[in-house]
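Novice: The following block contains the structure, expressed as structure tokens.
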Amino acid sequence: MKTGASLPIVTFRTRVRDESVGGPNPYRWQDMTTADYFAGKRVVLFSLPGAFTPTCSTYQLPGFENGFADFQAQGIDAIYCMSVNDSFVMNKWAEAQGLKNVTVIPDGSGEFTRKMGMLVDKDNLGFGMRSWRYAAIVNDGKIEAWFEEPGLMDNCPEDPYGVSSPETVLNWLVAANAEVAA
């Protein structure tokens, strides 16, 4: 992906809480499109190899969650975390992480990730097809800034992390906003 590119148009199969469903699992299916998430908003999108995995759960997701007010102060409307996991897994991970500020997007079949050019094979870890770690500033469905971890490849023996960290993305926003103000 490159700065200025439009996000691919896909439909995400999500599960949303709906008390009218009743019972111990009051959720229903709701299709959400790229436009539903990104149209008319300036957001941070970050994607990672998997829910409940160590770097994702310890650093990346909590960093974006805890830094939400700082991102808002820099003109960000929402923060989205995407992974090639189904909605059941993503919802449970969001619950386990106590998310209040970051919205999870399930890319269960990897369609969005594939169209972004970021789908990689992680069979070396027993994961199958997953997302390479990246982040982006997306303004009304177009990529404003792109943060991709180095070494994009199938079965990467490492899990690079830093370029797509909350700190890196926030620093870019602060610098970009200072440049505009000058």
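In the structure tokens, the first chain shown is A, the next is B, and so on; residue numbers restart at 1 for each chain, and ligands run from 1 in the order shown.
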When DSSP is applied to the backbone of this structure, which of segment 18-176 of chain A are assigned strand (DSSP E)? Write them out as number ranges by chain.
Specialist: A: 27-33, 42-48, 78-83, 102-106, 119-121, 129-131, 134-139, 142-148
Novice: With only C-alpha atoms as the counted atoms, please give the residues lying no more than 6 Å from segment 42-58 of chain A, apart from itself and same-chain residues fewer than 6 positions off, as a PyMOL selection string.
Specialist: chain A and resi 76-83+130-131+133-139
Novice: Selection from above, all heavy atoms, as a short mmCIF file (atom, residue, chain, number, x, y, z; two decimals), in the first residue's frame, can you write it?
Specialist:
```cif
data_model
loop_
_atom_site.label_atom_id
_atom_site.label_comp_id
_atom_site.auth_asym_id
_atom_site.auth_seq_id
_atom_site.Cartn_x
_atom_site.Cartn_y
_atom_site.Cartn_z
N ILE A 76 -7.59 12.53 15.33
CA ILE A 76 -8.03 11.18 15.00
C ILE A 76 -9.41 10.94 15.60
O ILE A 76 -9.64 11.18 16.79
CB ILE A 76 -7.01 10.13 15.51
CG1 ILE A 76 -5.68 10.29 14.79
CG2 ILE A 76 -7.55 8.72 15.39
CD1 ILE A 76 -5.74 10.08 13.27
N ASP A 77 -10.34 10.45 14.76
CA ASP A 77 -11.72 10.19 15.19
C ASP A 77 -11.90 8.81 15.82
O ASP A 77 -12.76 8.63 16.68
CB ASP A 77 -12.67 10.31 14.00
CG ASP A 77 -12.64 11.69 13.37
OD1 ASP A 77 -12.75 12.69 14.11
OD2 ASP A 77 -12.49 11.77 12.13
N ALA A 78 -11.14 7.83 15.35
CA ALA A 78 -11.31 6.45 15.82
C ALA A 78 -10.01 5.70 15.61
O ALA A 78 -9.19 6.08 14.78
CB ALA A 78 -12.45 5.75 15.08
N ILE A 79 -9.85 4.61 16.38
CA ILE A 79 -8.72 3.71 16.21
C ILE A 79 -9.29 2.31 16.01
O ILE A 79 -10.11 1.85 16.81
CB ILE A 79 -7.75 3.73 17.41
CG1 ILE A 79 -7.18 5.13 17.61
CG2 ILE A 79 -6.63 2.71 17.21
CD1 ILE A 79 -6.27 5.28 18.83
N TYR A 80 -8.83 1.65 14.93
CA TYR A 80 -9.30 0.31 14.59
C TYR A 80 -8.14 -0.67 14.61
O TYR A 80 -7.08 -0.41 14.07
CB TYR A 80 -9.91 0.29 13.19
CG TYR A 80 -11.09 1.19 13.00
CD1 TYR A 80 -11.18 2.01 11.88
CD2 TYR A 80 -12.14 1.23 13.91
CE1 TYR A 80 -12.26 2.84 11.68
CE2 TYR A 80 -13.23 2.05 13.72
CZ TYR A 80 -13.30 2.86 12.60
OH TYR A 80 -14.38 3.67 12.40
N CYS A 81 -8.39 -1.82 15.22
CA CYS A 81 -7.44 -2.92 15.25
C CYS A 81 -8.00 -4.05 14.40
O CYS A 81 -9.10 -4.54 14.66
CB CYS A 81 -7.26 -3.40 16.69
SG CYS A 81 -6.27 -4.90 16.83
N MET A 82 -7.23 -4.45 13.39
CA MET A 82 -7.66 -5.52 12.50
C MET A 82 -6.74 -6.71 12.63
O MET A 82 -5.54 -6.57 12.84
CB MET A 82 -7.66 -5.03 11.05
CG MET A 82 -8.22 -6.06 10.09
SD MET A 82 -8.34 -5.43 8.43
CE MET A 82 -9.58 -4.17 8.63
N SER A 83 -7.33 -7.88 12.47
CA SER A 83 -6.55 -9.11 12.46
C SER A 83 -7.30 -10.14 11.62
O SER A 83 -8.52 -10.08 11.49
CB SER A 83 -6.37 -9.63 13.89
OG SER A 83 -5.56 -10.79 13.89
N ARG A 130 -2.03 -14.96 7.84
CA ARG A 130 -2.26 -13.86 8.79
C ARG A 130 -1.82 -12.54 8.20
O ARG A 130 -1.22 -12.50 7.13
CB ARG A 130 -1.48 -14.11 10.09
CG ARG A 130 -1.91 -15.32 10.89
CD ARG A 130 -3.35 -15.16 11.40
NE ARG A 130 -3.79 -16.33 12.13
CZ ARG A 130 -3.93 -16.39 13.44
NH1 ARG A 130 -3.66 -15.35 14.18
NH2 ARG A 130 -4.32 -17.51 14.01
N SER A 131 -2.04 -11.48 8.94
CA SER A 131 -1.62 -10.16 8.49
C SER A 131 -0.18 -9.89 8.92
O SER A 131 0.23 -10.25 10.02
CB SER A 131 -2.52 -9.07 9.10
OG SER A 131 -2.10 -7.79 8.68
N ARG A 133 2.34 -7.10 10.19
CA ARG A 133 2.08 -6.00 11.12
C ARG A 133 2.29 -4.66 10.40
O ARG A 133 3.34 -4.41 9.82
CB ARG A 133 3.00 -6.13 12.33
CG ARG A 133 2.62 -5.23 13.49
CD ARG A 133 3.63 -5.35 14.63
NE ARG A 133 3.78 -6.70 15.14
CZ ARG A 133 2.97 -7.28 16.03
NH1 ARG A 133 1.94 -6.63 16.50
NH2 ARG A 133 3.20 -8.51 16.44
N TYR A 134 1.26 -3.81 10.47
CA TYR A 134 1.34 -2.46 9.89
C TYR A 134 0.35 -1.54 10.60
O TYR A 134 -0.51 -1.99 11.35
CB TYR A 134 1.06 -2.48 8.38
CG TYR A 134 -0.37 -2.78 8.01
CD1 TYR A 134 -1.32 -1.77 7.88
CD2 TYR A 134 -0.80 -4.09 7.78
CE1 TYR A 134 -2.63 -2.05 7.55
CE2 TYR A 134 -2.11 -4.38 7.44
CZ TYR A 134 -3.03 -3.36 7.32
OH TYR A 134 -4.33 -3.64 7.00
N ALA A 135 0.50 -0.25 10.33
CA ALA A 135 -0.46 0.75 10.78
C ALA A 135 -0.61 1.78 9.67
O ALA A 135 0.26 1.90 8.80
CB ALA A 135 0.00 1.42 12.08
N ALA A 136 -1.71 2.52 9.71
CA ALA A 136 -1.94 3.56 8.71
C ALA A 136 -2.81 4.66 9.32
O ALA A 136 -3.64 4.39 10.18
CB ALA A 136 -2.63 2.98 7.48
N ILE A 137 -2.58 5.86 8.85
CA ILE A 137 -3.53 6.95 9.09
C ILE A 137 -4.41 6.94 7.84
O ILE A 137 -3.90 7.01 6.72
CB ILE A 137 -2.83 8.32 9.22
CG1 ILE A 137 -1.71 8.30 10.25
CG2 ILE A 137 -3.86 9.42 9.50
CD1 ILE A 137 -2.13 8.01 11.65
N VAL A 138 -5.71 6.82 8.04
CA VAL A 138 -6.65 6.74 6.93
C VAL A 138 -7.61 7.91 7.04
O VAL A 138 -8.25 8.10 8.08
CB VAL A 138 -7.42 5.40 6.94
CG1 VAL A 138 -8.40 5.33 5.79
CG2 VAL A 138 -6.45 4.22 6.90
N ASN A 139 -7.69 8.70 5.97
CA ASN A 139 -8.56 9.86 5.96
C ASN A 139 -9.62 9.66 4.88
O ASN A 139 -9.30 9.65 3.69
CB ASN A 139 -7.73 11.13 5.68
CG ASN A 139 -8.48 12.39 6.02
OD1 ASN A 139 -9.70 12.38 6.17
ND2 ASN A 139 -7.76 13.48 6.16
#
```
Novice: Which residue is closest to Ala94 of chain A? Choose from A:Met118, A:Ala69, A:Ile9, A:Leu61 and count only C-alpha atoms.
Specialist: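 So, comparing all the options, the nearest one is A:Leu61.
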Novice: If you count only C-alpha atoms, which residues fall within 9 Å of Phe88 of chain A, apart from same-chain ones fewer than 2 positions away, as a JSON list (two decimals) with all heavy atoms, in the first residue's frame?
Specialist:
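Generated output (part36.json):
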```json
[["chain", "number", "residue", "atom", "x", "y", "z"],
["A", 14, "THR", "N", -19.35, -9.27, 11.20],
["A", 14, "THR", "CA", -19.14, -8.97, 12.61],
["A", 14, "THR", "C", -20.29, -9.51, 13.45],
["A", 14, "THR", "O", -21.37, -9.78, 12.95],
["A", 14, "THR", "CB", -19.02, -7.44, 12.85],
["A", 14, "THR", "OG1", -20.29, -6.82, 12.65],
["A", 14, "THR", "CG2", -17.98, -6.82, 11.93],
["A", 15, "ARG", "N", -20.00, -9.66, 14.72],
["A", 15, "ARG", "CA", -21.01, -10.04, 15.70],
["A", 15, "ARG", "C", -21.16, -8.85, 16.65],
["A", 15, "ARG", "O", -20.18, -8.36, 17.19],
["A", 15, "ARG", "CB", -20.57, -11.27, 16.50],
["A", 15, "ARG", "CG", -20.30, -12.51, 15.66],
["A", 15, "ARG", "CD", -21.51, -13.33, 15.37],
["A", 15, "ARG", "NE", -22.10, -13.85, 16.60],
["A", 15, "ARG", "CZ", -23.33, -14.34, 16.66],
["A", 15, "ARG", "NH1", -24.10, -14.38, 15.60],
["A", 15, "ARG", "NH2", -23.80, -14.81, 17.78],
["A", 85, "ASN", "N", -8.66, -12.85, 12.07],
["A", 85, "ASN", "CA", -9.34, -13.68, 13.06],
["A", 85, "ASN", "C", -10.83, -13.45, 12.87],
["A", 85, "ASN", "O", -11.24, -12.38, 12.43],
["A", 85, "ASN", "CB", -8.97, -13.29, 14.50],
["A", 85, "ASN", "CG", -7.56, -13.64, 14.90],
["A", 85, "ASN", "OD1", -6.75, -12.76, 15.18],
["A", 85, "ASN", "ND2", -7.25, -14.92, 14.95],
["A", 86, "ASP", "N", -11.65, -14.43, 13.25],
["A", 86, "ASP", "CA", -13.09, -14.27, 13.11],
["A", 86, "ASP", "C", -13.64, -13.35, 14.21],
["A", 86, "ASP", "O", -12.95, -13.01, 15.16],
["A", 86, "ASP", "CB", -13.79, -15.64, 13.13],
["A", 86, "ASP", "CG", -13.57, -16.38, 14.43],
["A", 86, "ASP", "OD1", -14.04, -15.90, 15.49],
["A", 86, "ASP", "OD2", -12.95, -17.46, 14.40],
["A", 90, "MET", "N", -12.16, -12.02, 17.90],
["A", 90, "MET", "CA", -11.88, -10.59, 18.09],
["A", 90, "MET", "C", -12.72, -10.00, 19.21],
["A", 90, "MET", "O", -12.21, -9.20, 20.02],
["A", 90, "MET", "CB", -12.10, -9.83, 16.78],
["A", 90, "MET", "CG", -11.11, -10.19, 15.68],
["A", 90, "MET", "SD", -9.38, -9.79, 16.09],
["A", 90, "MET", "CE", -9.37, -8.03, 15.74],
["A", 91, "ASN", "N", -13.98, -10.39, 19.32],
["A", 91, "ASN", "CA", -14.83, -9.88, 20.40],
["A", 91, "ASN", "C", -14.34, -10.35, 21.76],
["A", 91, "ASN", "O", -14.33, -9.59, 22.73],
["A", 91, "ASN", "CB", -16.29, -10.28, 20.18],
["A", 91, "ASN", "CG", -16.95, -9.50, 19.07],
["A", 91, "ASN", "OD1", -16.42, -8.51, 18.57],
["A", 91, "ASN", "ND2", -18.13, -9.93, 18.68],
["A", 92, "LYS", "N", -13.94, -11.60, 21.86],
["A", 92, "LYS", "CA", -13.43, -12.12, 23.14],
["A", 92, "LYS", "C", -12.12, -11.43, 23.52],
["A", 92, "LYS", "O", -11.86, -11.16, 24.69],
["A", 92, "LYS", "CB", -13.24, -13.64, 23.08],
["A", 92, "LYS", "CG", -14.47, -14.41, 23.43],
["A", 92, "LYS", "CD", -14.92, -14.05, 24.82],
["A", 92, "LYS", "CE", -16.07, -14.90, 25.27],
["A", 92, "LYS", "NZ", -16.65, -14.43, 26.53],
["A", 93, "TRP", "N", -11.27, -11.18, 22.53],
["A", 93, "TRP", "CA", -10.01, -10.49, 22.79],
["A", 93, "TRP", "C", -10.28, -9.06, 23.26],
["A", 93, "TRP", "O", -9.67, -8.60, 24.23],
["A", 93, "TRP", "CB", -9.14, -10.51, 21.54],
["A", 93, "TRP", "CG", -7.74, -10.02, 21.72],
["A", 93, "TRP", "CD1", -6.92, -10.24, 22.80],
["A", 93, "TRP", "CD2", -6.98, -9.26, 20.81],
["A", 93, "TRP", "NE1", -5.70, -9.66, 22.60],
["A", 93, "TRP", "CE2", -5.71, -9.05, 21.37],
["A", 93, "TRP", "CE3", -7.25, -8.74, 19.55],
["A", 93, "TRP", "CZ2", -4.72, -8.32, 20.72],
["A", 93, "TRP", "CZ3", -6.26, -8.03, 18.90],
["A", 93, "TRP", "CH2", -5.00, -7.82, 19.49],
["A", 106, "PRO", "N", -12.86, -7.73, 12.57],
["A", 106, "PRO", "CA", -12.47, -9.09, 12.19],
["A", 106, "PRO", "C", -12.35, -9.23, 10.68],
["A", 106, "PRO", "O", -13.29, -8.94, 9.94],
["A", 106, "PRO", "CB", -13.64, -9.93, 12.72],
["A", 106, "PRO", "CG", -14.83, -9.01, 12.64],
["A", 106, "PRO", "CD", -14.29, -7.62, 12.89]]
```
Novice: Given the choices A:Glu149, A:Thr113, A:Val120, A:Glu65, which gets closest to Pro166 of chain A if the distance is worked out from only C-alpha atoms?
Specialist: A:Glu65
Novice: Could you tell me which of A:Val104, A:Ala5, A:Val169, A:Val16 comes closest to Phe147 of chain A if we count only C-alpha atoms?
Specialist: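 Distance minimum relative to Phe147 of chain A lands on A:Val169.
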Novice: Would you mind listing what lies within 10 Å of Gly117 of chain A as a list in words, with only C-alpha atoms counted and same-chain residues fewer than 4 positions away left out?
Specialist: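 Listed by chain and then number, they are Met1, Glu111, Phe112, Thr113, Ser131, Trp132 and Leu152 of chain A.
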Novice: Considering only C-alpha atoms, state which residue in the set A:Asn101, A:Gly40, A:Val84, A:Ser20 is at the smallest distance from Gly67 of chain A.
Specialist: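 Among the listed residues, the smallest separation from Gly67 of chain A belongs to A:Asn101.
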Novice: Enumerate, in order of chain and increasing residue number, the residues of segment 45-139 of chain A with an atom no farther than 10 Å from segment 172-179 of chain A, each with its shortest atom pair and distance in Å to one decimal, counting only C-alpha atoms, as CSV.
Specialist:
```
residue,atom,partner,partner_atom,distance
A:Asp70,CA,A:Val174,CA,9.5
A:Phe71,CA,A:Leu173,CA,8.0
A:Ala73,CA,A:Val174,CA,9.3
A:Gln74,CA,A:Leu173,CA,6.3
A:Gly75,CA,A:Leu173,CA,8.5
A:Ile76,CA,A:Leu173,CA,9.2
A:Ile137,CA,A:Leu173,CA,8.7
```
Novice: Once you have the residues from the selection above, write them out as a tab-separated table (two decimals), in the first residue's frame, restricted to N, CA and C atoms.
Specialist:
```tsv
chain	number	residue	atom	x	y	z
A	70	ASP	N	-4.55	11.07	23.34
A	70	ASP	CA	-3.46	11.74	22.62
A	70	ASP	C	-3.71	11.71	21.11
A	71	PHE	N	-4.23	10.61	20.60
A	71	PHE	CA	-4.55	10.51	19.17
A	71	PHE	C	-5.71	11.45	18.82
A	73	ALA	N	-6.43	14.20	20.26
A	73	ALA	CA	-5.88	15.57	20.28
A	73	ALA	C	-5.15	15.91	18.98
A	74	GLN	N	-4.76	14.89	18.23
A	74	GLN	CA	-4.07	15.10	16.96
A	74	GLN	C	-5.02	14.96	15.75
A	75	GLY	N	-6.34	14.93	16.03
A	75	GLY	CA	-7.32	14.92	14.95
A	75	GLY	C	-7.79	13.54	14.51
A	76	ILE	N	-7.59	12.53	15.33
A	76	ILE	CA	-8.03	11.18	15.00
A	76	ILE	C	-9.41	10.94	15.60
A	137	ILE	N	-2.58	5.86	8.85
A	137	ILE	CA	-3.53	6.95	9.09
A	137	ILE	C	-4.41	6.94	7.84
```
Novice: I need the residues in chain A that are alpha helix (DSSP H) according to DSSP; give them as a VMD selection string.
Specialist: chain A and resid 34 to 38 54 to 55 61 to 66 68 to 73 87 to 97 111 to 115 166 to 181
Novice: Can you pull out the residues contacting Asp18 of chain A? Cut-off 12 Å, using only C-alpha atoms, and skip same-chain residues under 6 positions away; I want them as JSON, numbers by chain.
Specialist: {"A": [24, 25, 26, 27, 28, 29, 30]}
Novice: Just the number, please: distance in Å from atom CA of Ile143 of chain A to atom CA of Pro8 of chain A, one decimal.
Specialist: 10.9 Å
Novice: Name the closest residue to Ser6 of chain A among the candidates A:Asn171, A:Phe68, A:Phe38, A:Lys100; distances are taken between atoms, counting only C-alpha atoms.
Specialist: A:Phe38
Novice: Hey, which of A:Asp36, A:Glu95, A:Asp107, A:Lys41 ends up closest to Leu119 of chain A? Count only C-alpha atoms.
Specialist: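 For Leu119 of chain A, the nearest of the given residues is A:Asp107.
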Novice: So how far away is atom CA of Val163 of chain A from atom CA of Met32 of chain A, in Å?
Specialist: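 Spanning atom CA of Met32 of chain A to atom CA of Val163 of chain A is a straight-line distance of 28.3 Å.
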